[in-house]
Amino acid sequence: MSGGEWGIYIVLYFWLAGFGGGAFLLALSQRDRWLERVGAWLAFLGVVVGALLLVIDLGQPLRFWHLLASFRPISVMWLGSAFLFLDGIALFILLFLREWPPLLVWVAAILTLLVVGYTGVLLTATAKPFWSASPLIPWIFLASAGTTGAAVLALFGASEGVHRAAYWLAWVEGALILLHLVWTYPSAETAVRALLSGPLAWAFWGFVAFGFGLPLWLETRKKGLWLAALLVLVGGFLLRYFVVYAGQIGYVI
Amino acid sequence: MPRSSDFAILFDASYCIGCRACQVGCKQWNDLPATETQNTGSYDPLVLSAQTWLKMSYHEGLDKQGEVYWDFTRTSCMHCSEAACVEACPTGAMNYRPGGVVTVDQDWCIGCRNCVQACPYDAVHYDEEKGVVQKCTLCHDRIANGLEPACVKACPTGALRFGTYGAMRRAARERVEALKAEGYDEANVYGLKEMGGTHVIYVLLRHPSTYGLPIEPMTQRHKVAVDWLSAGIAAATLGTLGWVIARREEVSGGES
Ligand code: SF4
Ligand code: SF4
C-alpha cells in the first residue's frame with residue numbers, strides 16, 4: 001500500500017462479496033436445492049474472507065472491535081460492517097440447517113443484498129468526484145454482482161434461466177458503466193482519462209474486451225460457456241479494480 | 001451552526017502575501033517531518049498529507065477586466081460544524097471537541113480511511129507509520145493554554161486571525177464591506193454556510209471557485225441519504241429484472 005489509498009484488499013473484498021452475494025440471490029430464484037446451497041456457501045465465504053480482508057486492510061487491525069463497540073449508522077462504513085456481521089451469522093445458520101425456514105432465507109437474502117449494495121454506497125458517499133458525481137456506482141456493483149454471481153453458478157451447472165439473466169444483466173452493466181463515464185467526465189476528467197488511455201487503461205479495456213465483449217459473444221454462440229463464466233469473473237475483478245483506483249487518482253501521493 | 005463563543009480562524013486573502021510562514025509554523029509546532037518533493041516550479045508539497053496539515057495554494061489567471069491576478073489561499077481542515085469526516089467515521093474516533101474543533105482520537109482510530117475519502121477539502125490523511133489518520137487540530141493544545149494557533153502566530157501580515165467565532169464572523173463581514181467599497185465587487189466571505197458553517201472562515205477577493213474551493217459542498221448526511229436511496233432503487237430495479245428473467249425461463253423451460 002502506498003499512501004494509504006483503498007487498494008487491492010478492498011478490491012478483492014468488493015469482488016468476493018459481489019459474486020458470492022449475487023450467486024446466492026440468483027440461486028434463490030431457481031428453487032434448486034443444490035444450487036441454493038452452493039450459493040449460500042459462496043456468499044458465506046465471500047462474507048468471511050471479505051471481512052478478514054477488511055480487517056487486514058485497517059491501519060490498526062487489532063482495533064477492529066472498536067467498530068462493534070460503536071453505534072454510528074450514519075457512517076456507511078459502520079452500517080456496512082454491521083450488515084456484514086449479521087449476514088455472516090444468518091448464512092452460517094442456514095448452512096447448518098437441513099430444512100431452510102423461509103423467514104431466515106428472507107433475512108439472509110435481504111442482508112446479502114444490503115452487503116452488496118453498501119459497497120457501492122460506500123464509494124458514492126465520498127468527496128471523490130469519480131465515485132460521487134453520479135449515483136450509479138451502487139447500480140454498477142449490483143449489476144456486476146448479478147453477472148459474476150451467475151458466472152460462478154454456471155460453473156456449478158446452473159440452468160438456462162441463470163444464463164439468460166446473466167446475459168441481460170451484462171448489457172445493463174455495460175450501459176451503466178458507459179453512462180457513468182459520461183456523467184462523471186466533467187468533474188472527474190483525470191480519472192476518466194486514466195481509464196481510457198492512462199495508467200488504468202489495461203484494466204478498463206481488459207474488462208471491456210475479456211470481461212464483457214468476449215463472454216457475451218460466447219454466450220450468444222452457446223460456445224465455451226465455461227470459458228465465458230471464468231472471463232466474467234475476471235472481468236468483475238477488473239471492474240472493481242479500475243473503479244476503486246480511478247476514484248483516488250491524483251489524491252494519494 | 002457554530003456557536004459565537006466557539007474558536008475560529010479568519011483567513012483574509014486580501015492581506016495574504018503567500019509567504020508560507022503559516023505552513024512552516026504548522027510543521028514546527030506539530031513536529032511534522034519535511035516531505036521529499038520535486039521541483040514543479042517550487043519545492044512546495046503538491047497536496048496535503050499526514051505530514052502536511054496546512055499548505056498555501058496559488059491561483060493565477062485573468063479577471064473580467066483582463067487584468068492578471070495571482071491569488072493565494074489557505075488549504076487545511078475547515079473544522080466544519082457538520083463535518084463529513086465525523087459523519088463518515090465508523091468508530092467516533094473523529095469527533096467534535098469543545099469549541100467546535102474537529103480532531104481524531106489516535107488511540108481509538110482504526111485506520112479505515114473512510115474520513116479521508118469523505119472530506120470535501122481533502123484535509124485528512126493516512127499516516128502509514130502510525131496506522132491512523134492525521135489532520136490539523138486547530139492547535140487545541142495551544143489554545144487550551146491561551147495561545148493562538150501556530151499558523152496565526154507565524155503570519156506576518158494579519159491575514160490570519162484567531163478569536164471567537166462571533167468576533168471573526170463580524171470582522172470578516174466588515175472587511176468584505178470595506179473591500180467592496182474599495183471596488184472589489186466580488187469580495188465575499190466563504191465558510192458561513194458550507195458544511196453547516198466552518199470554524200475557519202475566509203475573506204476572498206473573487207468567487208471561491210477561483211481559489212479552487214468547493215462550491216456548496218453537499219453534507220455527508222445528505223449524500224448518504226441520496227446514495228442509499230439510489231442503491232435501493234437499483235436493488236429493486238435490477239433485482240426484479242434479474243429475478244424475473246431467471247424465473248421466467250425456468251417456468252417456461254427455456255422455450256424462447
Ligand atoms: S475540513 Fe474535512 S477534515 Fe476538516 S472538519 Fe471538515 S470534513 Fe473534517
Ligand atoms: S480512519 Fe480513523 S478517524 Fe478516519 S474514519 Fe476510520 S476510524 Fe474514523
# chains A, B, ... in the order shown; residues from 1 in each chain; ligands from 1

call {"tool": "residues_near_ligand", "arguments": {"ligand": "ligand 2", "cutoff": "10 Å", "atoms": "only C-alpha atoms and all ligand atoms", "output": "PyMOL selection string"}}
result
(chain A and resi 58-60+63-64+66-67+75+77-78) or (chain B and resi 84-95+103-118+124-127+131-135)

call {"tool": "residues_near_ligand", "arguments": {"ligand": "ligand 1", "cutoff": "6 Å", "atoms": "only C-alpha atoms and all ligand atoms", "output": "PDB file with N, CA and C atoms, in the first residue's frame"}}
result
ATOM      1  N   CYS B  77      -7.760  21.847   7.154  1.00  0.00           N
ATOM      2  CA  CYS B  77      -9.058  21.477   7.712  1.00  0.00           C
ATOM      3  C   CYS B  77      -9.852  22.740   8.027  1.00  0.00           C
ATOM      4  N   MET B  78     -11.149  22.720   7.706  1.00  0.00           N
ATOM      5  CA  MET B  78     -12.016  23.874   7.930  1.00  0.00           C
ATOM      6  C   MET B  78     -12.763  23.781   9.268  1.00  0.00           C
ATOM      7  N   HIS B  79     -12.600  22.679   9.969  1.00  0.00           N
ATOM      8  CA  HIS B  79     -13.322  22.450  11.234  1.00  0.00           C
ATOM      9  C   HIS B  79     -14.815  22.720  11.057  1.00  0.00           C
ATOM     10  N   CYS B  80     -15.391  21.891  10.199  1.00  0.00           N
ATOM     11  CA  CYS B  80     -16.807  22.010   9.825  1.00  0.00           C
ATOM     12  C   CYS B  80     -17.714  21.747  11.028  1.00  0.00           C
ATOM     13  N   ALA B  83     -19.379  18.018   9.914  1.00  0.00           N
ATOM     14  CA  ALA B  83     -18.145  17.553   9.280  1.00  0.00           C
ATOM     15  C   ALA B  83     -18.353  16.200   8.601  1.00  0.00           C
ATOM     16  N   ALA B  84     -17.954  16.133   7.341  1.00  0.00           N
ATOM     17  CA  ALA B  84     -18.072  14.885   6.592  1.00  0.00           C
ATOM     18  C   ALA B  84     -17.230  13.789   7.230  1.00  0.00           C
ATOM     19  N   CYS B  85     -16.039  14.164   7.721  1.00  0.00           N
ATOM     20  CA  CYS B  85     -15.149  13.161   8.311  1.00  0.00           C
ATOM     21  C   CYS B  85     -15.786  12.538   9.548  1.00  0.00           C
ATOM     22  N   VAL B 102     -12.501  19.950  15.402  1.00  0.00           N
ATOM     23  CA  VAL B 102     -12.660  18.560  14.967  1.00  0.00           C
ATOM     24  C   VAL B 102     -11.293  17.883  15.016  1.00  0.00           C
ATOM     25  N   CYS B 119     -13.857  13.783   3.162  1.00  0.00           N
ATOM     26  CA  CYS B 119     -13.628  15.217   3.380  1.00  0.00           C
ATOM     27  C   CYS B 119     -13.636  15.989   2.066  1.00  0.00           C
ATOM     28  N   PRO B 120     -14.499  16.979   1.932  1.00  0.00           N
ATOM     29  CA  PRO B 120     -14.557  17.745   0.678  1.00  0.00           C
ATOM     30  C   PRO B 120     -13.356  18.682   0.516  1.00  0.00           C
ATOM     31  N   TYR B 121     -12.572  18.866   1.569  1.00  0.00           N
ATOM     32  CA  TYR B 121     -11.396  19.738   1.483  1.00  0.00           C
ATOM     33  C   TYR B 121     -10.099  18.936   1.421  1.00  0.00           C
ATOM     34  N   ALA B 123      -8.582  17.237   3.599  1.00  0.00           N
ATOM     35  CA  ALA B 123      -7.763  17.765   4.685  1.00  0.00           C
ATOM     36  C   ALA B 123      -7.315  16.709   5.696  1.00  0.00           C
ATOM     37  N   VAL B 124      -7.736  15.465   5.529  1.00  0.00           N
ATOM     38  CA  VAL B 124      -7.336  14.442   6.491  1.00  0.00           C
ATOM     39  C   VAL B 124      -6.669  13.308   5.724  1.00  0.00           C
TER      40      VAL B 124
END

call {"tool": "residues_around", "arguments": {"residues": "region 18-35 of chain B", "least_positions_apart": "2", "cutoff": "9 Å", "atoms": "only C-alpha atoms", "output": "list in words"}}
result
Cys16, Thr37, Pro45, Ala50, Gln51, Thr52, Trp53, Leu54, Lys55, Met56, Ser57, Tyr58, Asp71, Phe72, Thr73, Cys136, Cys139, Pro149, Ala150, Cys151, Val152, Lys153, Ala154, Cys155, Pro156 and Leu160 of chain B

call {"tool": "interface_residues", "arguments": {"of": "chain A", "to": "chain B", "cutoff": "7 Å", "atoms": "only C-alpha atoms", "output": "ChimeraX atom specification"}}
result
/A:3-4,26,29-30,58-61,63-64,66-67,70,72,74-78,117,121,124-128,135,138-139,142-143,160-162,164-165,169

call {"tool": "closest_residue", "arguments": {"among": "A:Gly88, A:Gly39, A:Gly250, A:Pro73", "to": "Gly22 (chain A)", "atoms": "only C-alpha atoms"}}
result
A:Gly39

call {"tool": "residues_around", "arguments": {"residues": "region 102-112 of chain A", "least_positions_apart": "2", "cutoff": "12 Å", "atoms": "only C-alpha atoms", "output": "MDAnalysis selection string"}}
result
(chainID A and resid 17:29 36:37 39:40 42:44 46:47 79:95 97 99:100 114:119 142 145) or (chainID B and resid 232 235:236 239)

call {"tool": "select_by_dssp", "arguments": {"residues": "region 46-221 of chain B", "states": "strand (DSSP E)", "output": "PyMOL selection string"}}
result
chain B and resi 54-62+68-76+94-97+101-104+125-127+132-134+160-164+188-190+200-204

call {"tool": "select_by_dssp", "arguments": {"residues": "region 4-112 of chain B", "states": "helix (DSSP H, G or I)", "output": "number ranges by chain"}}
result
B: 21-29, 84-88, 98-100

call {"tool": "write_last_selection", "arguments": {"atoms": "N, CA, C and O atoms", "output": "PDB file, in the first residue's frame"}}
result
ATOM      1  N   ALA B  21       4.634  31.358   5.793  1.00  0.00           N
ATOM      2  CA  ALA B  21       5.099  31.306   7.181  1.00  0.00           C
ATOM      3  C   ALA B  21       4.172  30.406   8.006  1.00  0.00           C
ATOM      4  O   ALA B  21       4.621  29.651   8.871  1.00  0.00           O
ATOM      5  N   CYS B  22       2.877  30.469   7.715  1.00  0.00           N
ATOM      6  CA  CYS B  22       1.896  29.641   8.436  1.00  0.00           C
ATOM      7  C   CYS B  22       2.203  28.161   8.240  1.00  0.00           C
ATOM      8  O   CYS B  22       2.127  27.358   9.170  1.00  0.00           O
ATOM      9  N   GLN B  23       2.542  27.840   6.992  1.00  0.00           N
ATOM     10  CA  GLN B  23       2.806  26.453   6.624  1.00  0.00           C
ATOM     11  C   GLN B  23       3.995  25.908   7.426  1.00  0.00           C
ATOM     12  O   GLN B  23       3.962  24.788   7.927  1.00  0.00           O
ATOM     13  N   VAL B  24       5.023  26.763   7.543  1.00  0.00           N
ATOM     14  CA  VAL B  24       6.218  26.366   8.286  1.00  0.00           C
ATOM     15  C   VAL B  24       5.929  26.328   9.787  1.00  0.00           C
ATOM     16  O   VAL B  24       6.330  25.396  10.488  1.00  0.00           O
ATOM     17  N   GLY B  25       5.168  27.308  10.253  1.00  0.00           N
ATOM     18  CA  GLY B  25       4.821  27.344  11.672  1.00  0.00           C
ATOM     19  C   GLY B  25       4.067  26.083  12.080  1.00  0.00           C
ATOM     20  O   GLY B  25       4.312  25.515  13.154  1.00  0.00           O
ATOM     21  N   CYS B  26       3.194  25.625  11.219  1.00  0.00           N
ATOM     22  CA  CYS B  26       2.415  24.414  11.489  1.00  0.00           C
ATOM     23  C   CYS B  26       3.333  23.215  11.631  1.00  0.00           C
ATOM     24  O   CYS B  26       3.236  22.424  12.562  1.00  0.00           O
ATOM     25  N   LYS B  27       4.269  23.087  10.681  1.00  0.00           N
ATOM     26  CA  LYS B  27       5.209  21.954  10.720  1.00  0.00           C
ATOM     27  C   LYS B  27       6.026  21.987  12.010  1.00  0.00           C
ATOM     28  O   LYS B  27       6.247  20.957  12.649  1.00  0.00           O
ATOM     29  N   GLN B  28       6.484  23.186  12.379  1.00  0.00           N
ATOM     30  CA  GLN B  28       7.358  23.277  13.558  1.00  0.00           C
ATOM     31  C   GLN B  28       6.613  22.915  14.829  1.00  0.00           C
ATOM     32  O   GLN B  28       7.065  22.098  15.606  1.00  0.00           O
ATOM     33  N   TRP B  29       5.470  23.539  15.036  1.00  0.00           N
ATOM     34  CA  TRP B  29       4.766  23.296  16.293  1.00  0.00           C
ATOM     35  C   TRP B  29       4.331  21.834  16.412  1.00  0.00           C
ATOM     36  O   TRP B  29       4.428  21.218  17.460  1.00  0.00           O
ATOM     37  N   ALA B  84     -17.954  16.133   7.341  1.00  0.00           N
ATOM     38  CA  ALA B  84     -18.072  14.885   6.592  1.00  0.00           C
ATOM     39  C   ALA B  84     -17.230  13.789   7.230  1.00  0.00           C
ATOM     40  O   ALA B  84     -17.643  12.630   7.310  1.00  0.00           O
ATOM     41  N   CYS B  85     -16.039  14.164   7.721  1.00  0.00           N
ATOM     42  CA  CYS B  85     -15.149  13.161   8.311  1.00  0.00           C
ATOM     43  C   CYS B  85     -15.786  12.538   9.548  1.00  0.00           C
ATOM     44  O   CYS B  85     -15.709  11.335   9.772  1.00  0.00           O
ATOM     45  N   VAL B  86     -16.432  13.370  10.367  1.00  0.00           N
ATOM     46  CA  VAL B  86     -17.053  12.862  11.599  1.00  0.00           C
ATOM     47  C   VAL B  86     -18.201  11.924  11.253  1.00  0.00           C
ATOM     48  O   VAL B  86     -18.347  10.848  11.836  1.00  0.00           O
ATOM     49  N   GLU B  87     -19.009  12.344  10.270  1.00  0.00           N
ATOM     50  CA  GLU B  87     -20.175  11.529   9.933  1.00  0.00           C
ATOM     51  C   GLU B  87     -19.784  10.257   9.187  1.00  0.00           C
ATOM     52  O   GLU B  87     -20.521   9.274   9.196  1.00  0.00           O
ATOM     53  N   ALA B  88     -18.620  10.261   8.545  1.00  0.00           N
ATOM     54  CA  ALA B  88     -18.167   9.060   7.838  1.00  0.00           C
ATOM     55  C   ALA B  88     -17.473   8.084   8.776  1.00  0.00           C
ATOM     56  O   ALA B  88     -17.354   6.898   8.474  1.00  0.00           O
ATOM     57  N   PRO B  98     -14.805  20.408  22.344  1.00  0.00           N
ATOM     58  CA  PRO B  98     -15.328  21.704  22.804  1.00  0.00           C
ATOM     59  C   PRO B  98     -14.777  22.850  21.956  1.00  0.00           C
ATOM     60  O   PRO B  98     -13.623  22.822  21.529  1.00  0.00           O
ATOM     61  N   GLY B  99     -15.636  23.818  21.657  1.00  0.00           N
ATOM     62  CA  GLY B  99     -15.204  24.968  20.875  1.00  0.00           C
ATOM     63  C   GLY B  99     -15.328  24.743  19.386  1.00  0.00           C
ATOM     64  O   GLY B  99     -14.900  25.567  18.596  1.00  0.00           O
ATOM     65  N   GLY B 100     -15.907  23.581  18.978  1.00  0.00           N
ATOM     66  CA  GLY B 100     -16.117  23.330  17.554  1.00  0.00           C
ATOM     67  C   GLY B 100     -14.925  22.753  16.838  1.00  0.00           C
ATOM     68  O   GLY B 100     -14.928  22.638  15.611  1.00  0.00           O
TER      69      GLY B 100
END

call {"tool": "closest_residue", "arguments": {"among": "B:Arg3, B:His207, B:Ile9, B:Ala167", "to": "Glu148 (chain B)", "atoms": "only C-alpha atoms"}}
result
B:Ile9

call {"tool": "atom_distance", "arguments": {"atom1": "CA of Arg240 (chain A)", "atom2": "CA of Leu12 (chain A)"}}
result
7.9 Å

call {"tool": "residues_around", "arguments": {"residues": "region 174-182 of chain B", "least_positions_apart": "3", "cutoff": "10 Å", "atoms": "only C-alpha atoms", "output": "list in words"}}
result
Asp12, Ser14, Met168, Arg169, Arg170, Ala171, Asp185, Glu186, Ala187, Asn188, Val189, Val203, Leu204 and Leu205 of chain B

call {"tool": "write_last_selection", "arguments": {"atoms": "C-alpha atoms", "output": "PDB file, in the first residue's frame"}}
result
ATOM      1  CA  ASP B  12      -8.148  37.171   4.846  1.00  0.00           C
ATOM      2  CA  SER B  14      -6.670  40.354   0.711  1.00  0.00           C
ATOM      3  CA  MET B 168     -14.250  36.543  13.494  1.00  0.00           C
ATOM      4  CA  ARG B 169     -17.506  36.456  11.565  1.00  0.00           C
ATOM      5  CA  ARG B 170     -18.134  40.098  12.347  1.00  0.00           C
ATOM      6  CA  ALA B 171     -14.597  41.029  11.314  1.00  0.00           C
ATOM      7  CA  ASP B 185     -17.196  43.878  -6.206  1.00  0.00           C
ATOM      8  CA  GLU B 186     -16.797  40.140  -5.919  1.00  0.00           C
ATOM      9  CA  ALA B 187     -15.394  40.177  -2.365  1.00  0.00           C
ATOM     10  CA  ASN B 188     -17.162  37.571  -0.228  1.00  0.00           C
ATOM     11  CA  VAL B 189     -16.999  35.505   2.944  1.00  0.00           C
ATOM     12  CA  VAL B 203     -12.406  36.614   3.186  1.00  0.00           C
ATOM     13  CA  LEU B 204     -11.941  36.276  -0.573  1.00  0.00           C
ATOM     14  CA  LEU B 205     -11.427  38.863  -3.294  1.00  0.00           C
TER      15      LEU B 205
END

call {"tool": "residues_around", "arguments": {"residues": "Ser81 (chain B)", "least_positions_apart": "4", "cutoff": "10 Å", "atoms": "only C-alpha atoms", "output": "PyMOL selection string"}}
result
chain B and resi 1-3+86+96+100-102+193-199

call {"tool": "write_last_selection", "arguments": {"atoms": "N, CA and C atoms", "output": "tab-separated table (two decimals), in the first residue's frame"}}
result
chain	number	residue	atom	x	y	z
B	1	MET	N	-24.71	24.98	13.02
B	1	MET	CA	-24.07	26.29	13.03
B	1	MET	C	-23.07	26.40	14.18
B	2	PRO	N	-21.95	27.02	13.94
B	2	PRO	CA	-21.02	27.23	15.06
B	2	PRO	C	-21.63	28.19	16.07
B	3	ARG	N	-21.28	28.02	17.35
B	3	ARG	CA	-21.74	28.97	18.36
B	3	ARG	C	-20.81	30.18	18.34
B	86	VAL	N	-16.43	13.37	10.37
B	86	VAL	CA	-17.05	12.86	11.60
B	86	VAL	C	-18.20	11.92	11.25
B	96	TYR	N	-16.21	15.93	17.23
B	96	TYR	CA	-16.21	17.34	17.62
B	96	TYR	C	-15.72	17.45	19.06
B	100	GLY	N	-15.91	23.58	18.98
B	100	GLY	CA	-16.12	23.33	17.55
B	100	GLY	C	-14.92	22.75	16.84
B	101	VAL	N	-13.88	22.40	17.59
B	101	VAL	CA	-12.69	21.83	16.97
B	101	VAL	C	-12.96	20.37	16.57
B	102	VAL	N	-12.50	19.95	15.40
B	102	VAL	CA	-12.66	18.56	14.97
B	102	VAL	C	-11.29	17.88	15.02
B	193	LYS	N	-21.88	29.12	5.26
B	193	LYS	CA	-22.93	28.13	5.03
B	193	LYS	C	-22.37	26.75	4.74
B	194	GLU	N	-21.16	26.70	4.21
B	194	GLU	CA	-20.58	25.43	3.78
B	194	GLU	C	-20.46	24.46	4.95
B	195	MET	N	-20.87	23.21	4.73
B	195	MET	CA	-20.74	22.13	5.71
B	195	MET	C	-21.25	22.55	7.09
B	196	GLY	N	-22.40	23.19	7.10
B	196	GLY	CA	-23.01	23.58	8.37
B	196	GLY	C	-22.35	24.79	9.01
B	197	GLY	N	-21.45	25.46	8.29
B	197	GLY	CA	-20.69	26.57	8.86
B	197	GLY	C	-19.35	26.05	9.35
B	198	THR	N	-18.27	26.64	8.83
B	198	THR	CA	-16.94	26.14	9.21
B	198	THR	C	-16.31	27.07	10.24
B	199	HIS	N	-15.41	26.50	11.02
B	199	HIS	CA	-14.74	27.31	12.06
B	199	HIS	C	-13.49	27.99	11.53

call {"tool": "atom_distance", "arguments": {"atom1": "CA of Ala203 (chain A)", "atom2": "CA of Ala51 (chain A)"}}
result
24.8 Å

call {"tool": "atom_distance", "arguments": {"atom1": "CA of Leu136 (chain A)", "atom2": "CA of Ala175 (chain A)"}}
result
10.9 Å

call {"tool": "closest_residue", "arguments": {"among": "A:Ala158, A:Ile56, A:Val11, A:Phe237", "to": "Gly206 (chain A)", "atoms": "only C-alpha atoms"}}
result
A:Phe237

call {"tool": "decode", "arguments": {"residues": "region 221-230 of chain A", "atoms": "all heavy atoms", "output": "short mmCIF file (atom, residue, chain, number, x, y, z; two decimals), in the first residue's frame"}}
result
data_model
loop_
_atom_site.label_atom_id
_atom_site.label_comp_id
_atom_site.auth_asym_id
_atom_site.auth_seq_id
_atom_site.Cartn_x
_atom_site.Cartn_y
_atom_site.Cartn_z
N ARG A 221 -23.23 -17.54 -28.94
CA ARG A 221 -22.96 -18.71 -29.78
C ARG A 221 -23.17 -20.01 -29.03
O ARG A 221 -22.97 -21.08 -29.60
CB ARG A 221 -21.49 -18.75 -30.24
CG ARG A 221 -20.94 -17.48 -30.74
CD ARG A 221 -20.82 -17.50 -32.20
NE ARG A 221 -21.36 -16.22 -32.60
CZ ARG A 221 -21.26 -15.71 -33.79
NH1 ARG A 221 -20.69 -16.38 -34.75
NH2 ARG A 221 -21.74 -14.53 -34.05
N LYS A 222 -23.43 -19.89 -27.70
CA LYS A 222 -23.54 -21.10 -26.87
C LYS A 222 -22.28 -21.96 -26.97
O LYS A 222 -22.34 -23.18 -27.06
CB LYS A 222 -24.76 -21.95 -27.29
CG LYS A 222 -26.08 -21.24 -27.12
CD LYS A 222 -26.53 -21.30 -25.67
CE LYS A 222 -27.71 -20.37 -25.40
NZ LYS A 222 -27.53 -19.46 -24.31
N LYS A 223 -21.16 -21.27 -27.02
CA LYS A 223 -19.90 -21.99 -27.11
C LYS A 223 -19.03 -21.62 -25.92
O LYS A 223 -19.10 -20.50 -25.43
CB LYS A 223 -19.15 -21.62 -28.40
CG LYS A 223 -19.52 -22.51 -29.56
CD LYS A 223 -18.47 -22.40 -30.67
CE LYS A 223 -18.34 -20.99 -31.18
NZ LYS A 223 -17.83 -20.88 -32.53
N GLY A 224 -18.20 -22.54 -25.49
CA GLY A 224 -17.22 -22.25 -24.43
C GLY A 224 -17.82 -21.56 -23.23
O GLY A 224 -17.29 -20.56 -22.75
N LEU A 225 -18.94 -22.06 -22.71
CA LEU A 225 -19.63 -21.38 -21.62
C LEU A 225 -18.81 -21.38 -20.33
O LEU A 225 -18.92 -20.47 -19.52
CB LEU A 225 -21.01 -22.00 -21.40
CG LEU A 225 -21.99 -21.77 -22.55
CD1 LEU A 225 -23.37 -22.30 -22.22
CD2 LEU A 225 -22.07 -20.29 -22.90
N TRP A 226 -17.98 -22.39 -20.18
CA TRP A 226 -17.07 -22.41 -19.02
C TRP A 226 -16.10 -21.25 -19.10
O TRP A 226 -15.91 -20.52 -18.14
CB TRP A 226 -16.27 -23.71 -19.02
CG TRP A 226 -16.88 -24.74 -18.17
CD1 TRP A 226 -18.04 -25.42 -18.41
CD2 TRP A 226 -16.38 -25.19 -16.90
NE1 TRP A 226 -18.29 -26.27 -17.37
CE2 TRP A 226 -17.28 -26.16 -16.44
CE3 TRP A 226 -15.26 -24.87 -16.14
CZ2 TRP A 226 -17.10 -26.81 -15.23
CZ3 TRP A 226 -15.07 -25.51 -14.94
CH2 TRP A 226 -16.00 -26.48 -14.49
N LEU A 227 -15.54 -21.11 -20.28
CA LEU A 227 -14.59 -20.02 -20.50
C LEU A 227 -15.30 -18.68 -20.29
O LEU A 227 -14.77 -17.78 -19.61
CB LEU A 227 -14.02 -20.11 -21.92
CG LEU A 227 -13.02 -19.01 -22.27
CD1 LEU A 227 -11.79 -19.09 -21.39
CD2 LEU A 227 -12.64 -19.08 -23.74
N ALA A 228 -16.50 -18.57 -20.81
CA ALA A 228 -17.26 -17.32 -20.65
C ALA A 228 -17.45 -17.00 -19.17
O ALA A 228 -17.25 -15.86 -18.74
CB ALA A 228 -18.61 -17.45 -21.35
N ALA A 229 -17.81 -18.01 -18.39
CA ALA A 229 -18.04 -17.79 -16.96
C ALA A 229 -16.76 -17.32 -16.27
O ALA A 229 -16.77 -16.36 -15.48
CB ALA A 229 -18.56 -19.08 -16.32
N LEU A 230 -15.63 -17.98 -16.61
CA LEU A 230 -14.36 -17.57 -15.99
C LEU A 230 -14.00 -16.14 -16.38
O LEU A 230 -13.55 -15.35 -15.55
CB LEU A 230 -13.25 -18.53 -16.41
CG LEU A 230 -13.29 -19.90 -15.74
CD1 LEU A 230 -12.20 -20.80 -16.30
CD2 LEU A 230 -13.13 -19.76 -14.22
#
